[in-house]
file start30.cif (mmCIF, C-alpha atoms and all ligand atoms)
data_target
#
loop_
_atom_site.label_atom_id
_atom_site.label_comp_id
_atom_site.auth_asym_id
_atom_site.auth_seq_id
_atom_site.Cartn_x
_atom_site.Cartn_y
_atom_site.Cartn_z
CA MET A 278 -3.60 -32.22 21.35
CA SER A 279 -0.66 -30.30 22.88
CA GLU A 280 -1.27 -26.75 23.93
CA ILE A 281 -1.09 -24.30 21.01
CA ILE A 282 0.64 -21.17 22.26
CA PHE A 283 0.41 -18.17 19.99
CA HIS A 284 2.73 -15.19 20.54
CA HIS A 285 1.26 -12.05 18.96
CA TYR A 286 -0.07 -8.52 19.50
CA PRO A 287 -3.49 -7.13 18.62
CA ILE A 288 -2.73 -4.80 15.69
CA SER A 289 -0.40 -7.22 13.88
CA PRO A 290 -1.97 -8.12 10.51
CA PHE A 291 -0.07 -11.41 10.16
CA SER A 292 -1.33 -12.35 13.62
CA GLU A 293 -4.90 -11.60 12.54
CA LYS A 294 -4.40 -14.06 9.66
CA ILE A 295 -3.64 -16.84 12.13
CA ARG A 296 -6.27 -15.79 14.70
CA LEU A 297 -8.92 -16.18 11.97
CA ILE A 298 -7.52 -19.60 11.02
CA PHE A 299 -8.04 -20.61 14.67
CA GLY A 300 -11.62 -19.43 14.14
CA MET A 301 -12.11 -21.30 10.89
CA LYS A 302 -10.73 -24.55 12.34
CA LYS A 303 -12.28 -24.03 15.80
CA ILE A 304 -8.92 -24.51 17.50
CA ASN A 305 -8.59 -23.61 21.18
CA TRP A 306 -5.40 -21.62 21.68
CA THR A 307 -3.32 -19.91 24.30
CA SER A 308 -2.55 -16.23 23.80
CA VAL A 309 0.79 -14.70 24.78
CA MET A 310 1.18 -10.97 24.19
CA ILE A 311 4.51 -9.76 22.87
CA PRO A 312 5.88 -6.23 22.48
CA PRO A 313 5.40 -4.68 19.01
CA ILE A 314 8.95 -3.31 18.99
CA MET A 315 12.36 -4.46 20.21
CA PRO A 316 13.54 -5.41 22.77
CA LYS A 317 11.60 -8.69 22.93
CA PRO A 318 13.71 -10.78 25.34
CA ASP A 319 11.14 -13.55 25.81
CA VAL A 320 10.54 -13.95 22.07
CA VAL A 321 14.26 -14.06 21.35
CA ALA A 322 14.80 -16.61 24.14
CA LEU A 323 12.45 -18.92 22.24
CA THR A 324 13.59 -18.19 18.69
CA GLY A 325 17.29 -17.42 19.15
CA GLY A 326 17.02 -14.11 17.26
CA TYR A 327 13.98 -14.09 14.97
CA ARG A 328 11.88 -11.07 16.05
CA ARG A 329 8.98 -10.97 13.61
CA THR A 330 5.39 -11.43 14.69
CA PRO A 331 3.70 -13.86 15.17
CA ILE A 332 5.32 -17.12 16.32
CA LEU A 333 3.66 -20.38 17.30
CA GLN A 334 4.93 -22.54 20.15
CA ILE A 335 3.99 -26.15 20.83
CA GLY A 336 5.99 -27.35 23.82
CA ALA A 337 9.66 -26.90 22.89
CA ASP A 338 8.94 -26.46 19.15
CA VAL A 339 8.78 -22.91 17.83
CA TYR A 340 7.37 -22.14 14.38
CA CYS A 341 8.33 -18.92 12.58
CA ASP A 342 6.37 -17.30 9.73
CA THR A 343 2.64 -17.56 9.11
CA ALA A 344 3.08 -19.64 5.93
CA LEU A 345 4.58 -22.41 8.07
CA ILE A 346 2.24 -21.81 11.01
CA ALA A 347 -0.73 -22.27 8.66
CA ASP A 348 0.74 -25.58 7.42
CA VAL A 349 1.26 -26.78 10.99
CA LEU A 350 -2.31 -25.92 12.00
CA ASP A 351 -3.68 -27.59 8.88
CA LYS A 352 -1.84 -30.80 9.75
CA LEU A 353 -3.09 -30.69 13.32
CA VAL A 354 -6.70 -30.03 12.30
CA PRO A 355 -7.09 -31.06 8.65
CA THR A 356 -10.78 -30.19 8.30
CA PRO A 357 -11.82 -27.73 6.97
CA SER A 358 -8.68 -27.58 4.85
CA LEU A 359 -6.75 -24.40 4.11
CA TYR A 360 -5.61 -26.08 0.91
CA PRO A 361 -8.62 -27.69 -0.83
CA PRO A 362 -6.95 -30.13 -3.28
CA ALA A 363 -8.35 -28.66 -6.52
CA ILE A 364 -7.03 -25.17 -5.74
CA ALA A 365 -4.11 -25.85 -3.39
CA GLY A 366 -1.31 -24.59 -5.66
CA LEU A 367 -3.26 -21.53 -6.74
CA ALA A 368 -4.23 -20.74 -3.16
CA ARG A 369 -0.62 -20.92 -1.92
CA THR A 370 0.61 -18.76 -4.79
CA LEU A 371 -2.07 -16.12 -4.27
CA ALA A 372 -1.34 -16.17 -0.53
CA GLN A 373 2.36 -15.59 -1.17
CA TRP A 374 1.53 -12.56 -3.37
CA ALA A 375 -0.78 -11.19 -0.66
CA ASP A 376 1.75 -11.73 2.16
CA THR A 377 4.41 -9.78 0.25
CA THR A 378 3.23 -7.42 -2.50
CA LEU A 379 -0.28 -6.69 -1.26
CA PHE A 380 0.85 -6.45 2.38
CA TRP A 381 3.59 -3.87 1.72
CA THR A 382 1.28 -1.87 -0.54
CA ALA A 383 -1.34 -1.81 2.23
CA ILE A 384 1.30 -0.76 4.78
CA ALA A 385 2.63 2.06 2.56
CA TYR A 386 -0.93 3.26 1.92
CA THR A 387 -2.09 3.08 5.55
CA PHE A 388 0.94 4.74 7.15
CA GLN A 389 0.06 8.16 5.72
CA PRO A 390 0.22 11.36 7.79
CA ALA A 391 -3.57 11.59 8.22
CA ALA A 392 -3.69 8.14 9.79
CA MET A 393 -0.65 8.02 12.04
CA SER A 394 -2.44 8.78 15.31
CA SER A 395 -5.16 6.16 14.82
CA ILE A 396 -3.02 3.28 13.49
CA LEU A 397 -1.17 2.61 16.70
CA GLY A 398 -3.82 3.80 19.14
CA ASN A 399 -3.24 6.57 21.65
CA ILE A 400 0.52 6.67 21.93
CA SER A 401 2.84 9.52 22.82
CA PRO A 402 5.09 11.26 20.24
CA GLU A 403 8.07 9.50 21.91
CA GLN A 404 6.45 6.09 21.47
CA MET A 405 5.64 6.96 17.87
CA GLN A 406 9.28 7.88 17.29
CA ALA A 407 10.46 4.65 18.90
CA PHE A 408 8.11 2.67 16.63
CA ALA A 409 9.36 4.47 13.50
CA ALA A 410 13.01 3.92 14.49
CA ASP A 411 12.37 0.23 15.21
CA ARG A 412 10.75 -0.38 11.83
CA ALA A 413 13.41 1.63 9.96
CA ALA A 414 16.13 -0.54 11.56
CA MET A 415 14.16 -3.71 10.80
CA ARG A 416 13.72 -2.79 7.12
CA ALA A 417 17.43 -1.96 6.82
CA GLY A 418 16.99 0.48 3.96
CA ALA A 419 14.56 -1.61 1.89
CA PRO A 420 12.87 0.69 -0.66
CA ARG A 421 9.45 2.09 0.29
CA ILE A 422 6.58 2.73 -2.10
CA SER A 423 5.37 6.37 -2.14
CA LEU A 424 1.80 7.13 -1.04
CA SER A 425 0.68 8.01 -4.58
CA GLU A 426 2.13 4.77 -6.00
CA ALA A 427 0.65 2.75 -3.15
CA THR A 428 -2.78 4.32 -3.73
CA VAL A 429 -2.89 3.61 -7.44
CA GLN A 430 -1.56 0.07 -6.96
CA LEU A 431 -4.05 -0.65 -4.21
CA HIS A 432 -6.97 0.45 -6.41
CA GLU A 433 -5.76 -1.89 -9.14
CA TYR A 434 -5.41 -4.79 -6.69
CA LEU A 435 -8.87 -4.11 -5.26
CA ARG A 436 -10.32 -4.09 -8.79
CA ARG A 437 -8.70 -7.48 -9.45
CA LEU A 438 -9.97 -8.93 -6.18
CA SER A 439 -13.50 -7.60 -6.92
CA ASN A 440 -13.28 -9.25 -10.28
CA MET A 441 -12.41 -12.58 -8.65
CA LEU A 442 -15.42 -12.24 -6.37
CA GLY A 443 -17.74 -11.06 -9.12
CA HIS A 444 -19.08 -14.49 -10.01
CA GLY A 445 -21.14 -14.98 -6.90
CA GLN A 446 -18.74 -17.30 -5.09
CA ALA A 447 -18.29 -16.98 -1.35
CA TYR A 448 -14.48 -16.97 -1.26
CA LEU A 449 -11.69 -15.78 -3.53
CA LEU A 450 -11.12 -19.12 -5.21
CA GLY A 451 -14.64 -20.56 -5.08
CA ALA A 452 -17.11 -21.99 -2.63
CA ASP A 453 -14.48 -22.98 -0.05
CA ALA A 454 -12.23 -20.74 2.03
CA SER A 455 -8.51 -21.30 1.52
CA ILE A 456 -5.20 -19.88 2.71
CA ALA A 457 -5.58 -17.21 -0.01
CA ASP A 458 -8.57 -15.69 1.79
CA PHE A 459 -6.69 -15.33 5.07
CA SER A 460 -3.58 -13.83 3.44
CA VAL A 461 -5.46 -11.31 1.33
CA TYR A 462 -7.76 -10.50 4.23
CA HIS A 463 -5.13 -9.52 6.79
CA ALA A 464 -3.57 -6.87 4.55
CA LEU A 465 -6.99 -5.30 3.87
CA TRP A 466 -7.98 -5.63 7.56
CA PHE A 467 -5.10 -3.34 8.45
CA ILE A 468 -6.57 -0.65 6.16
CA ARG A 469 -10.15 -1.19 7.25
CA ARG A 470 -9.47 -0.68 10.95
CA VAL A 471 -8.14 2.87 10.34
CA ALA A 472 -11.04 5.28 9.83
CA ALA A 473 -8.88 8.00 8.27
CA VAL A 474 -7.95 5.81 5.28
CA ASN A 475 -10.52 3.03 4.94
CA SER A 476 -12.90 4.82 2.55
CA ILE A 477 -10.72 3.46 -0.28
CA LEU A 478 -12.53 0.14 0.26
CA ASP A 479 -16.01 1.67 -0.22
CA SER A 480 -15.79 1.50 -4.02
CA TYR A 481 -15.41 -2.27 -3.78
CA PRO A 482 -18.61 -3.64 -2.17
CA ALA A 483 -17.89 -7.23 -3.21
CA VAL A 484 -14.57 -7.05 -1.35
CA LEU A 485 -16.24 -5.60 1.75
CA LYS A 486 -18.91 -8.31 1.72
CA TRP A 487 -16.24 -11.00 1.42
CA MET A 488 -14.24 -9.36 4.24
CA ASP A 489 -17.31 -9.54 6.50
CA GLN A 490 -17.58 -13.22 5.71
CA VAL A 491 -13.92 -13.92 6.56
CA ALA A 492 -14.21 -11.82 9.75
CA ALA A 493 -17.19 -13.96 10.77
CA PHE A 494 -14.85 -16.94 11.35
CA GLY A 495 -13.85 -15.11 14.54
CA HIS A 496 -10.90 -16.16 16.68
CA HIS A 497 -12.49 -19.11 18.52
CA HIS A 498 -11.45 -19.61 22.15
CA ALA A 499 -8.23 -18.24 23.67
CA GLU A 500 -6.85 -18.43 27.23
CA LYS A 501 -4.25 -15.87 28.31
CA MET A 502 -0.72 -16.84 29.38
CA SER A 503 2.33 -14.81 30.39
CA SER A 504 5.50 -15.03 28.30
CA GLY A 505 7.34 -16.30 31.40
CA ASP A 506 4.96 -19.25 31.69
CA ALA A 507 5.40 -19.97 27.99
CA LEU A 508 9.18 -20.13 28.53
CA ASP A 509 8.66 -22.55 31.45
CA ILE A 510 6.59 -24.78 29.17
CA ALA A 511 9.37 -24.80 26.56
CA ARG A 512 12.01 -25.60 29.19
CA ASN A 513 10.02 -28.50 30.63
CA ALA A 514 9.05 -30.01 27.26
CA VAL A 515 10.96 -32.23 24.87
CA ALA A 516 11.01 -31.00 21.26
CA SER A 517 9.27 -33.22 18.71
CA ASP A 518 11.38 -35.94 17.12
CA VAL A 519 12.33 -34.41 13.79
CA GLY A 520 15.13 -36.84 12.93
CA THR A 521 13.22 -39.43 10.96
CA THR A 522 11.65 -37.36 8.19
CA GLU A 523 13.00 -36.99 4.63
CA PHE A 524 16.27 -35.08 4.21
CA VAL A 525 16.43 -32.76 1.20
CA ASP A 526 19.99 -31.49 0.79
CA THR A 527 19.97 -28.24 -1.15
CA HIS A 528 23.06 -26.54 0.31
CA GLY A 529 25.59 -29.34 0.77
CA ILE A 530 25.05 -29.03 4.51
CA ALA A 531 24.54 -32.22 6.52
CA LEU A 532 22.13 -32.70 9.39
CA GLY A 533 24.01 -31.97 12.61
CA GLU A 534 26.02 -29.06 11.20
CA GLN A 535 25.78 -25.58 12.70
CA VAL A 536 23.80 -23.23 10.48
CA SER A 537 22.42 -19.73 10.57
CA VAL A 538 18.88 -19.10 9.28
CA MET A 539 17.28 -15.71 8.68
CA PRO A 540 14.59 -14.04 6.58
CA ALA A 541 15.55 -13.09 3.03
CA ASP A 542 13.62 -9.81 2.89
CA TYR A 543 13.72 -7.86 6.19
CA ALA A 544 14.48 -8.29 9.90
CA PHE A 545 17.83 -9.93 9.19
CA ASP A 546 18.36 -11.46 12.62
CA PRO A 547 20.15 -14.80 12.29
CA VAL A 548 19.12 -17.84 14.31
CA ILE A 549 22.06 -20.16 14.91
CA GLY A 550 21.73 -23.81 15.78
CA GLU A 551 22.24 -27.41 14.72
CA LEU A 552 20.40 -28.34 11.52
CA VAL A 553 17.97 -31.08 12.50
CA LEU A 554 15.38 -30.96 9.71
CA ALA A 555 15.58 -30.13 6.01
CA THR A 556 12.62 -31.08 3.83
CA HIS A 557 11.47 -29.58 0.53
CA ASN A 558 9.55 -26.84 2.31
CA GLN A 559 10.86 -26.61 5.89
CA ILE A 560 14.09 -26.40 7.86
CA ALA A 561 14.62 -26.53 11.61
CA VAL A 562 17.49 -25.94 14.01
CA ARG A 563 18.01 -27.13 17.55
CA ARG A 564 19.44 -24.63 19.99
CA GLN A 565 19.96 -24.22 23.73
CA ASP A 566 18.80 -21.24 25.67
CA GLU A 567 19.33 -20.42 29.31
CA ARG A 568 15.64 -19.72 29.90
CA ALA A 569 13.87 -21.71 27.16
CA GLY A 570 16.04 -24.86 27.47
CA THR A 571 16.55 -26.98 24.35
CA VAL A 572 14.21 -25.79 21.62
CA VAL A 573 13.73 -26.62 17.95
CA VAL A 574 13.02 -23.56 15.80
CA HIS A 575 11.27 -24.22 12.48
CA PHE A 576 11.23 -22.07 9.33
CA PRO A 577 9.66 -22.39 5.90
CA ARG A 578 12.14 -22.66 3.01
CA LEU A 579 10.46 -19.89 1.02
CA GLY A 580 11.49 -16.43 2.21
CA PHE A 581 14.43 -17.65 4.33
CA GLN A 582 18.15 -18.17 3.76
CA MET A 583 20.42 -20.73 5.38
CA LYS A 584 24.22 -20.65 5.67
CA ARG A 585 26.80 -22.90 7.28
CA VAL A 586 28.37 -21.32 10.35
CA GLY A 587 32.13 -21.27 10.73
N1 LIG B 601 6.41 -13.41 6.41
C1 LIG B 601 6.16 -13.16 7.82
C2 LIG B 601 5.90 -11.68 8.03
C3 LIG B 601 5.68 -11.30 9.48
C4 LIG B 601 5.72 -9.80 9.71
O1 LIG B 601 6.31 -9.02 8.94
N2 LIG B 601 5.08 -9.39 10.79
C5 LIG B 601 5.15 -7.99 11.20
C6 LIG B 601 3.95 -7.68 12.10
S1 LIG B 601 2.40 -8.02 11.36
C7 LIG B 601 6.37 -7.78 12.04
O2 LIG B 601 7.06 -8.73 12.35
N3 LIG B 601 6.65 -6.56 12.46
C8 LIG B 601 7.74 -6.32 13.35
C9 LIG B 601 7.52 -6.85 14.73
O3 LIG B 601 6.40 -7.23 15.10
O4 LIG B 601 8.48 -6.89 15.47
C10 LIG B 601 5.01 -14.04 8.28
O5 LIG B 601 4.24 -14.52 7.44
O6 LIG B 601 4.92 -14.32 9.48
#

call {"tool": "encode", "arguments": {"input": "start30.cif", "output": "structure tokens"}}
result
Amino acid sequence: MSEIIFHHYPISPFSEKIRLIFGMKKINWTSVMIPPIMPKPDVVALTGGYRRTPILQIGADVYCDTALIADVLDKLVPTPSLYPPAIAGLARTLAQWADTTLFWTAIAYTFQPAAMSSILGNISPEQMQAFAADRAAMRAGAPRISLSEATVQLHEYLRRLSNMLGHGQAYLLGADASIADFSVYHALWFIRRVAAVNSILDSYPAVLKWMDQVAAFGHHHAEKMSSGDALDIARNAVASDVGTTEFVDTHGIALGEQVSVMPADYAFDPVIGELVLATHNQIAVRRQDERAGTVVVHFPRLGFQMKRVG
């Protein structure tokens, strides 16, 4: 199997989702640390603009967004599956809710004044300001839930999750873990690691017990690599042959045209390149970079928007 290079940072919840999937599937991986705020020159050299965390790199292929990264890992190592056939649709739909609604509720709840100093570790007021300015720019004015709304919503979500776990099953959707467990888990993990706010979870013992079980997957085995070495690997590799798969034309844009792809919700940094893959659930562009060479950057369809350039 080609080397699986994961670009992330420790306190990133979406990264924790994937680290635990490495644990569940017992995948050996290579860990590249990236900065939590812009500038991120080595990330952008690989992606062409996309700045969100995490990204997965296999040779000269770069995969954005954890929904797609999870699919890629499941194809590489199909057992145990993240999408057990009987619950696959439900698991994906619950995961999508957790990665959006539950995640932003958890973020709004956790970033309260009492918690600020312990969320990001021991950082200076200047670093705190830089973090706040970075995230404000990334969110580009997207509405924020107030702390009181976030608190009441979180309690309701935790009640619902407790209810799902109240029938003695090990995981949210039954006896087997699925993508839903990892997506719900990472949002709650972000709350649990902050002592000033995590007592909200104490009223939900079934959720805490389930969280311990998901945490027990661990992260399996990781070797460290510098971002410079990861760029060298991209430059010296040939991207996978994506030209022979199905072509699903949803935009009237042909393969080979120049397109721009960016998230639909926040961090609106376009990635421009030649459209080389368009299936029902994935698109990819090929682009050239001075340091990364020729790379193919992959995105899921859901949560992204594509436009023709020029
Ligand atoms: N839908 C994306 C969301 C990724 C995301 O929002 N990640 C956060 C960190 S957990 C982020 O990018 N924050 C800004 C940054 O790291 O630059 C995914 O599933 O990968």

call {"tool": "residues_near_ligand", "arguments": {"input": "start30.cif", "ligand": "ligand LIG 601 (chain B)", "cutoff": "7 Å", "atoms": "only C-alpha atoms and all ligand atoms", "output": "list in words"}}
result
Ser289, Pro290, Phe291, Ser292, Pro313, Ile314, Met315, Arg328, Arg329, Thr330, Pro331, Cys341, Asp342, Thr343, Ala344, Asp376 and Arg412 of chain A

call {"tool": "residues_around", "arguments": {"input": "start30.cif", "residues": "Pro482 (chain A)", "least_positions_apart": "6", "cutoff": "12 Å", "atoms": "only C-alpha atoms", "output": "VMD selection string"}}
result
chain A and resid 435 to 436 438 to 440 442 to 443 476 488 to 489

call {"tool": "closest_residue", "arguments": {"input": "start30.cif", "among": "A:Ala454, A:Asp518, A:Gly326, A:Leu424", "to": "Gly550 (chain A)", "atoms": "all atoms listed in the file"}}
result
A:Gly326

call {"tool": "closest_residue", "arguments": {"input": "start30.cif", "among": "A:Thr324, A:His284, A:Gln373, A:Asp542", "to": "Gly418 (chain A)", "atoms": "only C-alpha atoms"}}
result
A:Asp542

call {"tool": "closest_residue", "arguments": {"input": "start30.cif", "among": "A:Tyr327, A:Trp466, A:Phe576, A:Tyr543", "to": "Lys294 (chain A)", "atoms": "all atoms listed in the file"}}
result
A:Trp466

call {"tool": "closest_residue", "arguments": {"input": "start30.cif", "among": "A:Gly505, A:Trp306, A:Ala544, A:Pro355", "to": "Arg416 (chain A)", "atoms": "only C-alpha atoms"}}
result
A:Ala544

call {"tool": "closest_residue", "arguments": {"input": "start30.cif", "among": "A:Glu433, A:Arg585, A:Ile549, A:His557", "to": "Gly325 (chain A)", "atoms": "only C-alpha atoms"}}
result
A:Ile549

call {"tool": "closest_residue", "arguments": {"input": "start30.cif", "among": "A:Val484, A:Arg564, A:Leu552, A:Met405", "to": "Arg437 (chain A)", "atoms": "only C-alpha atoms"}}
result
A:Val484

call {"tool": "residues_near_point", "arguments": {"input": "start30.cif", "point": "(-13.3, -24.0, 19.3)", "cutoff": "7 Å", "atoms": "all atoms listed in the file", "output": "list in words"}}
result
Lys303, Ile304, Asn305, His497 and His498 of chain A
